[in-house]
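Visitor: Here it is: the structure, laid out below.
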Amino acid sequence: MKRTAQLSLRVSTVAITVMWVGHAWAVPTVSAITVETSQVILDGRDASWQILVNGTTADGRTLDVTHKAAFRSNEPGVAHVQETGVVEAMTDGHTTVEVVVDDQRVVVSVEVTSASERRSLNFENDIVPILSKFGCNSSGCHGKAEGQNGFKLSVFGFDPTADFQALAMEGRGRRVFPAAASRSLLLQKVSGAMPHGGGVRIEADRPEYRILHDWIASGLPLGDKSDPRVSSIEMTPRERTMAIGTNQQLRVVATFTDGRRTDVTRLVDFQSNNDALVAVDDAGFLTVGTSPGSAAVMATYLGNVDVFRIAIPRDEKIEDYPEVAEHNFIDRLVHHRLRQLNIVPAKPASDADFLRRVYLDLIGTLPTTDEAREFLSNSRSDRREQLVTHLLERREYADYWALKWSDLLRVNRRELGHKGAYEYYHWIRDSFGANKPIDQFAKEVIAAEGPLNESPAGHFYKAVKQPNQMASTVSQVFLGVRIECAQCHHHPWDRWSQSDYFGMQAYFTQFNLKQSPRGEAILSSANRKTTHPRTGGEIFAHALGTTSPDASPDGNRRHLLADWITSPDNPWFARNIANRLWAHLMGRGLVEPVDDFRLTNPPTNPELLDALAEYLVDSDYDMHQLIRLITSSQTYQRSTNVNDSNHDDQQNYSRFVFKQLEAEVLLDAVCQTTGIGEKFRGVPEGSRAIQLWDSEVPHYFLKLFGRPVRVTACECERVGEPTVSQVLHVLNSPKIHKKLSHEGGRIAKLVQVYADDKDLIEELYLAFVNRFPTDQETEVTIGYLADQPDRRQAAEDIAWSMMNSLEFLFNH
Amino acid sequence: MKRQTSYCDKKNRRDAITIGAAGAFGSWLTLPGILEQQAIAKEEGKASRDVALIIVFLQGGISTIDTWDMKPDAPAEFRGEFDPINTNVPGTQLCEHLPRVAQQSDKFSLVRSFGHRNSGHGPADHYMLTGYHPAAGFNASLKPNNQRPAHGAVIAKQLGPRDSVPPYVCLPKMQNSAGSSFLGSAYAPFVVDADPNSPNFSVPDLAPPFKVTASRLENRQKLRERIDRFHKTAEAQANRRANALSTFQEKAIDLMTSPTTKAAFDIQQESEAMRKKYGRSSLGQSCLMARRLIEAGVRCVLIDHTNWDTHYNNFNVLKNDLLPHLDAAMSTLFHDLHDRGMLESTFVLLTGEFGRTPRINKDAGRDHWGPSTAIALGGGGIVGGRVIGASNERAEKPATTPYGPEDLAATIYHSMGIDPKTEFRTPEGRPIPIVDGHGRVIDGLF
């Protein structure tokens, strides 16, 4: 029966947990307990309430002991309580439920009202959630585009009208049979009384079966337009630090427009954003795995979402947590988190590591041997800040950041034509060369107006042509929010509805492109209507998160949107920009993926993200300032060293992570180190790969190493995973071999100039890996030179080995 | 307690797969790890059949009305210039210009009631090679242009690599729709960008540059391991991509030095007689290469052969150029596989992206025709010599139960022991089944 099933679930979960953790897991004895709400009110026949029990341990920790508690109802006839702490209404009256954990006892009062009244059912509120919870409308079954076996429901239940139609009216009326409800096809199939491709979904003894039955038997009420609707859901708890192997029972309460609050835990869809860290079952019972980290569990219900954030410290508490240097607020906030998680950060990076890292991060270019020597012999205490200042002024800074933003803003030669793409690119490059404030940069793109040859930023709208694409792309690039899912249905994991999506699209419906005496020009003279695809009603422009108005705002809507996006109050813009820069420098965003901000994908360190965003706004959106801030922190200047506590940390910046080099950067590195450049089609001699504005310049290496095609605004276009072909190429490519062995190349020259092996080795190291060799490395390489009959070839071998090393191929 | 919101057949959606973590061949698991992975896959019924796949993709769209779905009784302006001949399967006839194939007809079957709704090269390529009709926003000129993973990528992911050969190979050039889409570059095809028929054929970058001798290569390998600061360090292992790259480097060395792999790609090892039997053409030698690769353990080989797009001079081009090559290649492939006892475990598919127009055009050619084409498939458990379905009297559309690319996908996966209901997740988290919607295994083949 149900109770036994749930008991066995708990036992098996515990058993699994014990297996996982490998040591005996026991909830420590608690010295005090409290319950969430000591007064439970159950209104209506189907009402239930999940009691949550918190325990405090002797050493002051709070943890969930709900499933450790024993519950007993003093009058089971009035209110019945399950072993998991769910109280269910039986008949009207008052009673109490006793909660006991170890030797602690607490009493919860329970009042049941209207238990015999069958509240009139509302299809959307009562039936649709059941169809979602039990998978009926999932995209694998009846929710897919063509339905299943002639029965189609809307996926995620986003179209209750259509679903009602499908159930109550279609199927020749066989699906539901009010005169004898249990003979309805719907009930027969879900309970297994009739063969069903989806198997048994809802057993006949479940309350949800009873609700479906009652709905059919009471004549398939649709409900009234004036019926209260769900306005929000709230998860309890919303945030907790949990130890490895522990559990948490969650509860979700829905608030209706009439103020009524109902426990809907049984009906929400729970999902962990990281199954490896945290697993959650259908009843909202959560189990922490064996790895430390940050995770989030989201609950979705009828288009509403809420999230529970978990921090999982490492098991072993660090007794003597070392003193860690803190340079600015970044370090304070990062270290606070690390301490919480029992992770000790790695030691600081050496000057040589910092040198190479910051060159690649800021200008996508390796230092020359002279630059390396100069920095490494600089003894000023502010040499690192000085270096950053120098790099920010280099012409390569503009090249590199223009390359990155050209990817996002879709500088696509095929779409824009040669001239258009070139001018668009140069506008971007000039903007970064002048360190244009990023809010102004964004505004110039979004609100671009007039002839394209005077407003090259407007080429954005030639790459992104339709209002719906404009809305999605602007959202994704500048706000970091992906709204496309909401074009066709409710966004599955965020609160955006189709109305929100089309509300954004409506900002772009004045846009048109016309020929003018001064060439192609952007005008805002169109006025297309935006209609809701389902209801057909007109949708007026309104920004994400604002309420739908009765009319679109006056004036040029793109200008208004640009103002809203770049306003200091905008919840996303500054955070998005800060997060993207952080992700670039640190190898992982605080929100990851970087263009997927949503309630259910929270930042791993929200305080840090807020602080970075605030800093950006306060510095008038000055990118140089933000770069300076981050690069001067101890967090950025950490080494990649692994210690006992940080080796599993992927999220919290306790050690610097290896980053892959972009295709263009790697190609330039190969050319620079070997001293032999590449000739690219269509650009002047001597151009470097990071200067290529046309992402379609044919080049095998660039294609092989994941240069993006620039047809979407997704960062993911730049393929970030290594492949075998890449590896084979660097190992064996005849072209690279030619560069290494070229008569006019670096190796040939060095071998000639430096007769002393030690000097030669030093030059090779400074050129290829931008540092001096260690004594051991010197010994090995000099030994190699001595062993080989051909000194030049030996030097090539050494260079080849360096080029194929992880040290060369990654940014670390 | 199983998740109630699992798939119809009770499989947990979230069993599908994180993307891109494992490497192409050799993930960041060790070899024992890979074997364990394969054992688990086997247990879950994934690799239970150990069948490999060869797709001979006749790019441009082979004219099936002139080859293996002939209509000799149709009016002249439809039936064309060729006559049918008998095969070694009573009742089945093929084009007179495929005489050798006719003698191997017992080894493969034809599905003549096949068709789909797209007569454009790019979209039709994608449709046939992934089982998914491309959606709005499809850009055929991307390389690759996949919105969904090609069959080879799915197979590479589900079945994993064997030995040290790549699981999925595409030759003699990249096919635009052969990519792995959201499965990531780990399951992208290993592309052999060279014509196996050319006199000094070799796989690009598979061997070191000419001037680097074997002993110098060995010196270099040793040196690299000694001077790479991060070689086999905890730091490298703690970083997924560095770890992957490092593993690939080992695998690459294996590839370069493994006799099996070198041999597999070394087509010169084949006797001149055998090479002649397949035909000294790009198609012929690609088929031979495919056989070698399957023997070496490759799971899927996609041969992209051009150009079957006979808008002009259809009959002469077919008669003089294309069909002789196909005749030699296709007949020898089936015969050869059969001879070596490999046919049962090798699923061979020959098809274009669509058929061609029944009515001959003014240039003595035929144009694109998606609604009716015929596919040839054999091996991998398929009973040979059968004809499934029929097109109408002018090969304009299926006359019996129509089958499409979704059904082809289901059939392929079924043969290979991959559950057609398997689902992957895109980076946005959207669940995508490997077989689109209603695709079902083609009746009567197995």
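Please note that chains go A, B, ... in the order of the structure tokens, that every chain numbers its residues from 1, and that ligands are numbered from 1 in the order shown.
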At a cut-off of 8 Å, which residues of chain A touch chain B? Count only C-alpha atoms and give the answer as JSON, numbers by chain.
Guide: {"A": [9, 132, 133, 134, 135, 136, 138, 139, 140, 141, 144, 146, 197, 198, 199, 201, 281, 282, 640, 641, 642, 647, 648, 657, 658, 660, 709, 719, 721, 722, 723, 724, 725, 727, 728, 729, 731, 732, 733, 734, 737, 777, 780, 797, 798, 800, 801, 802, 804, 805, 806, 807, 810]}
Visitor: Just the residues within 10 Å of Gln793 in chain A, please, counting only C-alpha atoms, with nothing from its chain fewer than 3 positions along; format it as a list in words.
Guide: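 Returned residues: Leu740, Ser741, Ile747, Ala748, Val751, Leu785, Gln788, Pro789, Asp790, Glu796, Asp797, Ile798 and Ala799 of chain A; Val212 and Arg216 of chain B.
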Visitor: Include N, CA and C atoms and write out the residues we just selected as a compact mmCIF listing (two decimals), in the first residue's frame.
Guide:
```txt
# COMPACT_ATOMS: atom_id res chain seq x y z
N LEU A 740 57.93 25.34 -38.26
CA LEU A 740 58.98 25.02 -37.29
C LEU A 740 60.34 24.92 -37.96
N SER A 741 60.34 24.43 -39.19
CA SER A 741 61.63 24.16 -39.84
C SER A 741 62.01 25.18 -40.90
N ILE A 747 63.21 29.22 -35.19
CA ILE A 747 64.14 28.17 -34.75
C ILE A 747 65.46 28.30 -35.50
N ALA A 748 65.34 28.42 -36.81
CA ALA A 748 66.56 28.54 -37.63
C ALA A 748 67.41 29.71 -37.14
N VAL A 751 68.98 29.12 -33.60
CA VAL A 751 70.07 28.14 -33.62
C VAL A 751 71.35 28.79 -34.15
N LEU A 785 69.78 18.24 -26.74
CA LEU A 785 70.56 18.90 -27.79
C LEU A 785 71.89 18.19 -27.99
N GLN A 788 71.55 14.67 -29.84
CA GLN A 788 71.13 14.60 -31.24
C GLN A 788 72.24 15.03 -32.19
N PRO A 789 72.33 14.35 -33.30
CA PRO A 789 73.39 14.70 -34.26
C PRO A 789 73.15 16.07 -34.93
N ASP A 790 71.89 16.40 -35.15
CA ASP A 790 71.59 17.65 -35.85
C ASP A 790 71.01 18.66 -34.87
N GLU A 796 64.18 22.01 -33.23
CA GLU A 796 62.81 21.89 -33.75
C GLU A 796 62.02 20.90 -32.93
N ASP A 797 62.67 19.81 -32.57
CA ASP A 797 61.98 18.80 -31.75
C ASP A 797 61.53 19.39 -30.42
N ILE A 798 62.44 20.17 -29.82
CA ILE A 798 62.09 20.79 -28.54
C ILE A 798 60.91 21.75 -28.73
N ALA A 799 60.97 22.54 -29.77
CA ALA A 799 59.87 23.48 -30.03
C ALA A 799 58.57 22.74 -30.27
N VAL B 212 59.81 13.72 -40.81
CA VAL B 212 59.97 13.22 -39.43
C VAL B 212 59.96 11.71 -39.46
N ARG B 216 62.65 9.76 -35.06
CA ARG B 216 62.56 11.14 -34.62
C ARG B 216 61.22 11.36 -33.93
```
Visitor: As a count of residues only, list the residues of range 181-213 of chain B assigned to helix (DSSP H, G or I) by DSSP on the backbone atoms of this structure.
Guide: 6
Visitor: Near Ile303 in chain B, counting only C-alpha atoms, which residues have an atom at most 9 Å away, once you skip same-chain residues fewer than 4 positions from it, shown as an MDAnalysis selection string?
Guide: chainID B and resid 54:58 169:173 175 283 286:287 290
Visitor: Write the residues of the preceding selection, restricted to N, CA and C atoms, as a PDB file, in the first residue's frame.
Guide:
```
ATOM      1  N   ILE B  54      27.154   1.086 -42.593  1.00  0.00           N
ATOM      2  CA  ILE B  54      27.779   1.793 -43.730  1.00  0.00           C
ATOM      3  C   ILE B  54      26.666   2.510 -44.481  1.00  0.00           C
ATOM      4  N   ILE B  55      26.812   3.802 -44.628  1.00  0.00           N
ATOM      5  CA  ILE B  55      25.852   4.561 -45.442  1.00  0.00           C
ATOM      6  C   ILE B  55      26.574   5.013 -46.697  1.00  0.00           C
ATOM      7  N   VAL B  56      26.074   4.542 -47.838  1.00  0.00           N
ATOM      8  CA  VAL B  56      26.613   5.030 -49.113  1.00  0.00           C
ATOM      9  C   VAL B  56      25.633   6.086 -49.598  1.00  0.00           C
ATOM     10  N   PHE B  57      26.011   7.321 -49.403  1.00  0.00           N
ATOM     11  CA  PHE B  57      25.086   8.404 -49.674  1.00  0.00           C
ATOM     12  C   PHE B  57      25.327   8.945 -51.065  1.00  0.00           C
ATOM     13  N   LEU B  58      24.362   8.736 -51.917  1.00  0.00           N
ATOM     14  CA  LEU B  58      24.504   9.103 -53.329  1.00  0.00           C
ATOM     15  C   LEU B  58      23.977  10.518 -53.476  1.00  0.00           C
ATOM     16  N   VAL B 169      33.269   7.577 -38.956  1.00  0.00           N
ATOM     17  CA  VAL B 169      34.172   8.106 -39.975  1.00  0.00           C
ATOM     18  C   VAL B 169      33.367   8.581 -41.176  1.00  0.00           C
ATOM     19  N   CYS B 170      33.776   9.680 -41.735  1.00  0.00           N
ATOM     20  CA  CYS B 170      33.113  10.212 -42.929  1.00  0.00           C
ATOM     21  C   CYS B 170      34.173  10.384 -44.013  1.00  0.00           C
ATOM     22  N   LEU B 171      33.879   9.847 -45.204  1.00  0.00           N
ATOM     23  CA  LEU B 171      34.844   9.979 -46.281  1.00  0.00           C
ATOM     24  C   LEU B 171      34.139  10.057 -47.621  1.00  0.00           C
ATOM     25  N   PRO B 172      34.735  10.443 -48.712  1.00  0.00           N
ATOM     26  CA  PRO B 172      36.078  11.023 -48.811  1.00  0.00           C
ATOM     27  C   PRO B 172      36.133  12.516 -48.507  1.00  0.00           C
ATOM     28  N   LYS B 173      35.045  13.051 -47.989  1.00  0.00           N
ATOM     29  CA  LYS B 173      35.030  14.442 -47.549  1.00  0.00           C
ATOM     30  C   LYS B 173      33.915  14.589 -46.531  1.00  0.00           C
ATOM     31  N   GLN B 175      30.464  15.541 -45.106  1.00  0.00           N
ATOM     32  CA  GLN B 175      29.100  15.774 -45.594  1.00  0.00           C
ATOM     33  C   GLN B 175      28.480  16.786 -44.641  1.00  0.00           C
ATOM     34  N   LEU B 283      34.046   6.160 -55.612  1.00  0.00           N
ATOM     35  CA  LEU B 283      32.989   5.404 -54.945  1.00  0.00           C
ATOM     36  C   LEU B 283      33.459   3.999 -54.592  1.00  0.00           C
ATOM     37  N   SER B 286      36.077   4.031 -51.863  1.00  0.00           N
ATOM     38  CA  SER B 286      35.471   4.426 -50.585  1.00  0.00           C
ATOM     39  C   SER B 286      34.732   3.251 -49.967  1.00  0.00           C
ATOM     40  N   CYS B 287      34.049   2.478 -50.803  1.00  0.00           N
ATOM     41  CA  CYS B 287      33.354   1.296 -50.289  1.00  0.00           C
ATOM     42  C   CYS B 287      34.354   0.288 -49.747  1.00  0.00           C
ATOM     43  N   ALA B 290      35.526   1.508 -46.533  1.00  0.00           N
ATOM     44  CA  ALA B 290      34.497   1.318 -45.507  1.00  0.00           C
ATOM     45  C   ALA B 290      34.554  -0.106 -44.971  1.00  0.00           C
TER      46      ALA B 290
END
```
Visitor: What residues in range 143-256 of chain B get the DSSP label strand (DSSP E or B)? Please answer as a list of chain:residue names.
Guide: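 Answer for range 143-256 of chain B restricted to strand (DSSP E or B) is B:Arg162, B:Val165, B:Tyr168, B:Val169, B:Cys170, B:Leu171, B:Phe190, B:Val191.
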Visitor: Keeping N, CA, C and O atoms, export the residues of the selection given above as a PDB file, in the first residue's frame.
Guide:
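Everything below was put into result07.pdb:
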```pdb
ATOM      1  N   ARG B 162      35.426   1.343 -30.417  1.00  0.00           N
ATOM      2  CA  ARG B 162      35.989  -0.006 -30.307  1.00  0.00           C
ATOM      3  C   ARG B 162      37.464   0.078 -30.613  1.00  0.00           C
ATOM      4  O   ARG B 162      37.858   0.726 -31.584  1.00  0.00           O
ATOM      5  N   VAL B 165      40.205   2.707 -32.947  1.00  0.00           N
ATOM      6  CA  VAL B 165      39.735   3.393 -34.149  1.00  0.00           C
ATOM      7  C   VAL B 165      38.605   4.353 -33.775  1.00  0.00           C
ATOM      8  O   VAL B 165      37.908   4.135 -32.799  1.00  0.00           O
ATOM      9  N   TYR B 168      33.233   6.784 -35.687  1.00  0.00           N
ATOM     10  CA  TYR B 168      32.390   7.337 -36.746  1.00  0.00           C
ATOM     11  C   TYR B 168      33.299   8.046 -37.735  1.00  0.00           C
ATOM     12  O   TYR B 168      34.036   8.963 -37.381  1.00  0.00           O
ATOM     13  N   VAL B 169      33.269   7.577 -38.956  1.00  0.00           N
ATOM     14  CA  VAL B 169      34.172   8.106 -39.975  1.00  0.00           C
ATOM     15  C   VAL B 169      33.367   8.581 -41.176  1.00  0.00           C
ATOM     16  O   VAL B 169      32.384   7.939 -41.572  1.00  0.00           O
ATOM     17  N   CYS B 170      33.776   9.680 -41.735  1.00  0.00           N
ATOM     18  CA  CYS B 170      33.113  10.212 -42.929  1.00  0.00           C
ATOM     19  C   CYS B 170      34.173  10.384 -44.013  1.00  0.00           C
ATOM     20  O   CYS B 170      35.246  10.906 -43.765  1.00  0.00           O
ATOM     21  N   LEU B 171      33.879   9.847 -45.204  1.00  0.00           N
ATOM     22  CA  LEU B 171      34.844   9.979 -46.281  1.00  0.00           C
ATOM     23  C   LEU B 171      34.139  10.057 -47.621  1.00  0.00           C
ATOM     24  O   LEU B 171      32.964   9.703 -47.698  1.00  0.00           O
ATOM     25  N   PHE B 190      35.088  11.496 -37.672  1.00  0.00           N
ATOM     26  CA  PHE B 190      36.489  11.628 -38.047  1.00  0.00           C
ATOM     27  C   PHE B 190      36.488  11.711 -39.563  1.00  0.00           C
ATOM     28  O   PHE B 190      36.118  10.752 -40.237  1.00  0.00           O
ATOM     29  N   VAL B 191      36.835  12.849 -40.079  1.00  0.00           N
ATOM     30  CA  VAL B 191      36.688  13.079 -41.510  1.00  0.00           C
ATOM     31  C   VAL B 191      37.978  12.759 -42.232  1.00  0.00           C
ATOM     32  O   VAL B 191      39.040  13.281 -41.888  1.00  0.00           O
TER      33      VAL B 191
END
```
Visitor: Applying 8 Å and only C-alpha atoms, which residues near Ile388 in chain B remain after dropping the ones on its own chain fewer than 2 positions away? List them as an MDAnalysis selection string.
Guide: chainID B and resid 109:113 386 390 443:445
Visitor: Using N, CA, C and O atoms, can you write the selected residues to a file as a CSV table (one decimal), in the first residue's frame?
Guide:
```csv
chain,number,residue,atom,x,y,z
B,109,SER,N,17.8,-5.8,-49.8
B,109,SER,CA,16.4,-5.6,-50.1
B,109,SER,C,16.1,-4.2,-50.5
B,109,SER,O,16.9,-3.3,-50.3
B,110,LEU,N,14.9,-4.0,-51.1
B,110,LEU,CA,14.6,-2.6,-51.5
B,110,LEU,C,13.3,-2.2,-50.8
B,110,LEU,O,12.4,-3.0,-50.6
B,111,VAL,N,13.2,-0.9,-50.5
B,111,VAL,CA,12.0,-0.4,-50.0
B,111,VAL,C,11.5,0.6,-51.1
B,111,VAL,O,12.1,1.7,-51.2
B,112,ARG,N,10.5,0.2,-51.8
B,112,ARG,CA,10.1,1.1,-52.9
B,112,ARG,C,8.9,2.1,-52.6
B,112,ARG,O,8.6,2.9,-53.4
B,113,SER,N,8.4,2.0,-51.4
B,113,SER,CA,7.3,2.9,-51.0
B,113,SER,C,7.9,3.9,-50.0
B,113,SER,O,7.4,4.2,-49.0
B,386,ARG,N,14.3,-9.1,-50.6
B,386,ARG,CA,12.9,-8.7,-50.5
B,386,ARG,C,12.7,-7.4,-51.2
B,386,ARG,O,13.5,-6.5,-51.3
B,390,ALA,N,5.6,-0.6,-52.8
B,390,ALA,CA,5.7,-0.3,-54.2
B,390,ALA,C,5.3,1.2,-54.4
B,390,ALA,O,4.6,1.7,-53.6
B,443,ASP,N,8.4,-2.5,-41.8
B,443,ASP,CA,7.9,-3.9,-41.8
B,443,ASP,C,8.4,-4.8,-42.9
B,443,ASP,O,8.5,-4.4,-44.0
B,444,GLY,N,8.8,-6.0,-42.4
B,444,GLY,CA,9.1,-7.0,-43.5
B,444,GLY,C,10.6,-7.1,-43.8
B,444,GLY,O,11.0,-7.9,-44.7
B,445,LEU,N,11.4,-6.3,-43.1
B,445,LEU,CA,12.9,-6.3,-43.5
B,445,LEU,C,13.6,-7.4,-42.6
B,445,LEU,O,14.5,-8.0,-43.1
```
Visitor: Could you tell me which of A:Val107, A:Leu702, A:Val78, A:Ala296 comes closest to Val35 in chain A if we count only C-alpha atoms?
Guide: A:Val107
Visitor: Using only C-alpha atoms for the distances, tell me which of B:Phe82, B:Phe265, B:Tyr127, B:Phe108 is nearest to Glu406 in chain B.
Guide: B:Tyr127
